[in-house]
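Below is the file upload33.pdb, which contains PDB, C-alpha atoms, pLDDT in the B column.
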ATOM      1  CA  MET A 532     -31.596 -18.129  35.646  1.00 68.00           C
ATOM      2  CA  GLU A 533     -28.660 -16.534  37.410  1.00 69.00           C
ATOM      3  CA  LYS A 534     -28.056 -19.703  39.445  1.00 74.00           C
ATOM      4  CA  ALA A 535     -28.152 -21.769  36.256  1.00 73.00           C
ATOM      5  CA  VAL A 536     -25.502 -19.545  34.649  1.00 68.00           C
ATOM      6  CA  ARG A 537     -23.250 -19.456  37.683  1.00 70.00           C
ATOM      7  CA  GLY A 538     -23.647 -23.210  38.178  1.00 74.00           C
ATOM      8  CA  GLY A 539     -22.662 -23.898  34.568  1.00 74.00           C
ATOM      9  CA  ARG A 540     -26.030 -25.388  33.579  1.00 81.00           C
ATOM     10  CA  LEU A 541     -26.850 -22.496  31.248  1.00 79.00           C
ATOM     11  CA  PRO A 542     -23.929 -21.164  29.194  1.00 82.00           C
ATOM     12  CA  LEU A 543     -23.524 -17.526  28.229  1.00 81.00           C
ATOM     13  CA  GLY A 544     -24.946 -16.999  24.759  1.00 84.00           C
ATOM     14  CA  ALA A 545     -27.635 -19.650  25.238  1.00 88.00           C
ATOM     15  CA  GLN A 546     -30.896 -18.926  23.458  1.00 90.00           C
ATOM     16  CA  LEU A 547     -33.789 -18.270  25.850  1.00 89.00           C
ATOM     17  CA  PRO A 548     -37.397 -19.216  25.121  1.00 90.00           C
ATOM     18  CA  ALA A 549     -39.787 -16.675  23.682  1.00 90.00           C
ATOM     19  CA  GLU A 550     -41.765 -14.822  26.342  1.00 91.00           C
ATOM     20  CA  ARG A 551     -45.071 -16.448  25.422  1.00 93.00           C
ATOM     21  CA  LEU A 552     -43.561 -19.938  25.412  1.00 94.00           C
ATOM     22  CA  LEU A 553     -41.779 -19.452  28.738  1.00 91.00           C
ATOM     23  CA  ALA A 554     -44.933 -18.065  30.350  1.00 94.00           C
ATOM     24  CA  GLY A 555     -46.856 -21.161  29.293  1.00 95.00           C
ATOM     25  CA  GLU A 556     -44.120 -23.553  30.429  1.00 93.00           C
ATOM     26  CA  VAL A 557     -43.810 -22.093  33.923  1.00 91.00           C
ATOM     27  CA  GLY A 558     -47.460 -21.136  34.415  1.00 95.00           C
ATOM     28  CA  LEU A 559     -46.957 -17.364  34.689  1.00 94.00           C
ATOM     29  CA  ALA A 560     -48.788 -14.516  33.003  1.00 96.00           C
ATOM     30  CA  ARG A 561     -46.983 -13.340  29.877  1.00 95.00           C
ATOM     31  CA  ASP A 562     -46.845  -9.824  31.359  1.00 96.00           C
ATOM     32  CA  THR A 563     -44.800 -11.216  34.264  1.00 94.00           C
ATOM     33  CA  VAL A 564     -42.278 -12.838  31.932  1.00 91.00           C
ATOM     34  CA  THR A 565     -42.145  -9.703  29.764  1.00 93.00           C
ATOM     35  CA  ALA A 566     -41.422  -7.550  32.816  1.00 93.00           C
ATOM     36  CA  SER A 567     -38.719  -9.981  33.937  1.00 88.00           C
ATOM     37  CA  TYR A 568     -37.059  -9.947  30.522  1.00 89.00           C
ATOM     38  CA  GLN A 569     -37.162  -6.122  30.548  1.00 90.00           C
ATOM     39  CA  ILE A 570     -35.340  -6.051  33.883  1.00 87.00           C
ATOM     40  CA  LEU A 571     -32.741  -8.530  32.647  1.00 84.00           C
ATOM     41  CA  ARG A 572     -32.259  -6.455  29.461  1.00 87.00           C
ATOM     42  CA  ALA A 573     -31.799  -3.254  31.477  1.00 86.00           C
ATOM     43  CA  GLU A 574     -29.140  -5.012  33.557  1.00 81.00           C
ATOM     44  CA  GLN A 575     -27.470  -6.261  30.333  1.00 81.00           C
ATOM     45  CA  LEU A 576     -27.896  -9.864  31.434  1.00 82.00           C
ATOM     46  CA  ILE A 577     -29.824 -10.805  28.290  1.00 87.00           C
ATOM     47  CA  VAL A 578     -29.797  -9.477  24.745  1.00 88.00           C
ATOM     48  CA  THR A 579     -32.878  -9.396  22.530  1.00 86.00           C
ATOM     49  CA  ARG A 580     -32.722  -8.705  18.828  1.00 82.00           C
ATOM     50  CA  THR A 581     -36.002  -7.370  17.426  1.00 79.00           C
ATOM     51  CA  GLY A 582     -37.809 -10.081  15.509  1.00 76.00           C
ATOM     52  CA  SER A 583     -35.183 -12.609  16.534  1.00 77.00           C
ATOM     53  CA  GLU A 584     -33.942 -14.494  19.548  1.00 87.00           C
ATOM     54  CA  THR A 585     -33.160 -13.563  23.116  1.00 90.00           C
ATOM     55  CA  THR A 586     -29.795 -14.774  24.326  1.00 89.00           C
ATOM     56  CA  LEU A 587     -28.201 -14.921  27.714  1.00 87.00           C
ATOM     57  CA  GLY A 588     -25.691 -12.262  28.696  1.00 77.00           C
ATOM     58  CA  GLY A 589     -23.946 -10.680  25.788  1.00 59.00           C
ATOM     59  CA  GLN A 590     -20.996  -9.745  28.005  1.00 57.00           C
ATOM     60  CA  PRO A 591     -19.455 -12.168  30.534  1.00 54.00           C
ATOM     61  CA  TRP A 592     -18.132  -9.231  32.582  1.00 51.00           C
ATOM     62  CA  VAL A 593     -21.732  -8.289  33.429  1.00 54.00           C
ATOM     63  CA  TRP A 594     -22.225 -11.577  35.282  1.00 54.00           C
ATOM     64  CA  ARG A 595     -18.916 -11.193  37.129  1.00 55.00           C
ATOM     65  CA  ALA A 596     -19.814  -7.626  38.153  1.00 51.00           C
ATOM     66  CA  SER A 597     -23.240  -8.641  39.418  1.00 53.00           C
ATOM     67  CA  ASP A 598     -21.653 -11.552  41.294  1.00 52.00           C
ATOM     68  CA  SER A 599     -19.282  -9.291  43.238  1.00 47.00           C
ATOM     69  CA  SER A 600     -21.993  -6.765  44.055  1.00 47.00           C
ATOM     70  CA  ALA A 601     -24.281  -9.552  45.255  1.00 46.00           C
ATOM     71  CA  LYS A 602     -21.574 -10.597  47.711  1.00 44.00           C
ATOM     72  CA  GLY A 603     -21.229  -7.053  48.980  1.00 42.00           C
ATOM     73  CA  GLY A 604     -17.945  -6.036  47.431  1.00 39.00           C
ATOM     74  CA  PRO A 605     -16.068  -5.227  44.233  1.00 40.00           C
TER      75      PRO A 605
END
Let me see the file written as structure tokens.
Amino acid sequence: MEKAVRGGRLPLGAQLPAERLLAGEVGLARDTVTASYQILRAEQLIVTRTGSETTLGGQPWVWRASDSSAKGGP
């Protein structure tokens, strides 16, 4: 997902599939997708509204910050 955002294939604010749907599409257990979404939420890379949609990265600065830390510097 991160590569898709950084490569411009997945824009910030894009709606992500529901956990159950994504699990079926990629052949993973739903628990695996749920855990992944929880990690992404904790890192503020996705935003989920209860009873609604999950969208990619509410704040563009979050992606820039994670990009610089991934390269080993601010």
>> Can you spell out as a PyMOL selection string the set of residues that the PyMOL selection byres ((chain A and resi 562-566) around 12) selects in the structure I just provided?
In response: chain A and resi 547-561+567-573+579+585
>> Please compute the atom CA of Ser583 of chain A-atom CA of Pro542 of chain A distance, one decimal, in Å.
In response: 19.0 Å
>> Would you compute the distance between atom CA of Gln546 of chain A and atom CA of Thr586 of chain A? Give it in Å to one decimal.
In response: 4.4 Å
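Distance-wise, atom CA of Glu584 of chain A and atom CA of Lys534 of chain A end up 21.4 Å apart.
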Enclose all atoms of segment 544-560 of chain A listed in the file in an axis-aligned box, grow every side by 4 Å, and hand back centre and edge lengths in Å to one decimal, as lines of an AutoDock Vina configuration file.
center_x = -36.9
center_y = -19.0
center_z = 29.1
size_x = 31.8
size_y = 17.0
size_z = 19.2
> Which neighbours of Ala545 of chain A fall inside 12 Å, counting only C-alpha atoms, when residues of the same chain fewer than 5 positions from it are skipped, and could you give them as a list in words?
Replying inline: Met532, Ala535, Val536, Gly539, Arg540, Leu576, Ile577, Val578, Thr579, Glu584, Thr585, Thr586, Leu587, Gly588 and Gly589 of chain A
Starting from the sparse input, extend segment 570-592 of chain A to N, CA, C and O atoms and give the output as a CSV table (one decimal), in the coordinates of the input.
chain,number,residue,atom,x,y,z
A,570,ILE,N,-36.3,-6.3,32.8
A,570,ILE,CA,-35.3,-6.1,33.9
A,570,ILE,C,-34.0,-6.6,33.5
A,570,ILE,O,-32.9,-6.0,33.7
A,571,LEU,N,-34.0,-7.9,33.0
A,571,LEU,CA,-32.7,-8.5,32.6
A,571,LEU,C,-32.0,-7.8,31.5
A,571,LEU,O,-30.8,-7.7,31.5
A,572,ARG,N,-32.8,-7.3,30.5
A,572,ARG,CA,-32.3,-6.5,29.5
A,572,ARG,C,-31.6,-5.2,30.0
A,572,ARG,O,-30.5,-4.8,29.6
A,573,ALA,N,-32.3,-4.5,30.9
A,573,ALA,CA,-31.8,-3.3,31.5
A,573,ALA,C,-30.5,-3.5,32.2
A,573,ALA,O,-29.6,-2.6,32.2
A,574,GLU,N,-30.4,-4.7,32.8
A,574,GLU,CA,-29.1,-5.0,33.6
A,574,GLU,C,-28.1,-5.6,32.7
A,574,GLU,O,-27.0,-6.1,33.1
A,575,GLN,N,-28.4,-5.7,31.3
A,575,GLN,CA,-27.5,-6.3,30.3
A,575,GLN,C,-27.1,-7.7,30.6
A,575,GLN,O,-26.1,-8.2,30.3
A,576,LEU,N,-28.1,-8.4,31.2
A,576,LEU,CA,-27.9,-9.9,31.4
A,576,LEU,C,-28.4,-10.7,30.3
A,576,LEU,O,-28.0,-11.9,30.1
A,577,ILE,N,-29.4,-10.1,29.5
A,577,ILE,CA,-29.8,-10.8,28.3
A,577,ILE,C,-29.8,-9.8,27.2
A,577,ILE,O,-29.8,-8.6,27.4
A,578,VAL,N,-29.8,-10.3,25.9
A,578,VAL,CA,-29.8,-9.5,24.7
A,578,VAL,C,-30.9,-10.0,23.9
A,578,VAL,O,-31.0,-11.2,23.6
A,579,THR,N,-31.8,-9.1,23.4
A,579,THR,CA,-32.9,-9.4,22.5
A,579,THR,C,-32.7,-8.6,21.2
A,579,THR,O,-32.5,-7.4,21.3
A,580,ARG,N,-32.8,-9.3,20.1
A,580,ARG,CA,-32.7,-8.7,18.8
A,580,ARG,C,-34.1,-8.7,18.3
A,580,ARG,O,-34.8,-9.7,18.2
A,581,THR,N,-34.6,-7.5,17.9
A,581,THR,CA,-36.0,-7.4,17.4
A,581,THR,C,-36.3,-8.4,16.3
A,581,THR,O,-35.5,-8.5,15.4
A,582,GLY,N,-37.4,-9.1,16.5
A,582,GLY,CA,-37.8,-10.1,15.5
A,582,GLY,C,-36.9,-11.3,15.5
A,582,GLY,O,-37.0,-12.1,14.6
A,583,SER,N,-36.1,-11.5,16.5
A,583,SER,CA,-35.2,-12.6,16.5
A,583,SER,C,-35.2,-13.2,17.9
A,583,SER,O,-36.2,-13.2,18.6
A,584,GLU,N,-34.1,-13.7,18.3
A,584,GLU,CA,-33.9,-14.5,19.5
A,584,GLU,C,-33.5,-13.6,20.7
A,584,GLU,O,-33.0,-12.5,20.5
A,585,THR,N,-33.7,-14.2,21.9
A,585,THR,CA,-33.2,-13.6,23.1
A,585,THR,C,-32.1,-14.5,23.6
A,585,THR,O,-32.3,-15.7,23.7
A,586,THR,N,-30.9,-13.9,23.9
A,586,THR,CA,-29.8,-14.8,24.3
A,586,THR,C,-29.3,-14.3,25.7
A,586,THR,O,-29.5,-13.2,26.1
A,587,LEU,N,-28.7,-15.2,26.4
A,587,LEU,CA,-28.2,-14.9,27.7
A,587,LEU,C,-26.9,-14.2,27.7
A,587,LEU,O,-25.9,-14.5,27.0
A,588,GLY,N,-26.9,-13.0,28.4
A,588,GLY,CA,-25.7,-12.3,28.7
A,588,GLY,C,-24.7,-12.1,27.6
A,588,GLY,O,-23.8,-12.9,27.4
A,589,GLY,N,-24.9,-11.0,26.9
A,589,GLY,CA,-23.9,-10.7,25.8
A,589,GLY,C,-22.5,-10.5,26.3
A,589,GLY,O,-21.6,-10.7,25.5
A,590,GLN,N,-22.3,-10.1,27.5
A,590,GLN,CA,-21.0,-9.7,28.0
A,590,GLN,C,-20.7,-10.5,29.3
A,590,GLN,O,-21.4,-10.3,30.3
A,591,PRO,N,-19.7,-11.4,29.3
A,591,PRO,CA,-19.5,-12.2,30.5
A,591,PRO,C,-19.1,-11.3,31.7
A,591,PRO,O,-19.4,-11.6,32.9
A,592,TRP,N,-18.5,-10.1,31.5
A,592,TRP,CA,-18.1,-9.2,32.6
A,592,TRP,C,-19.3,-8.8,33.4
A,592,TRP,O,-19.3,-8.5,34.5
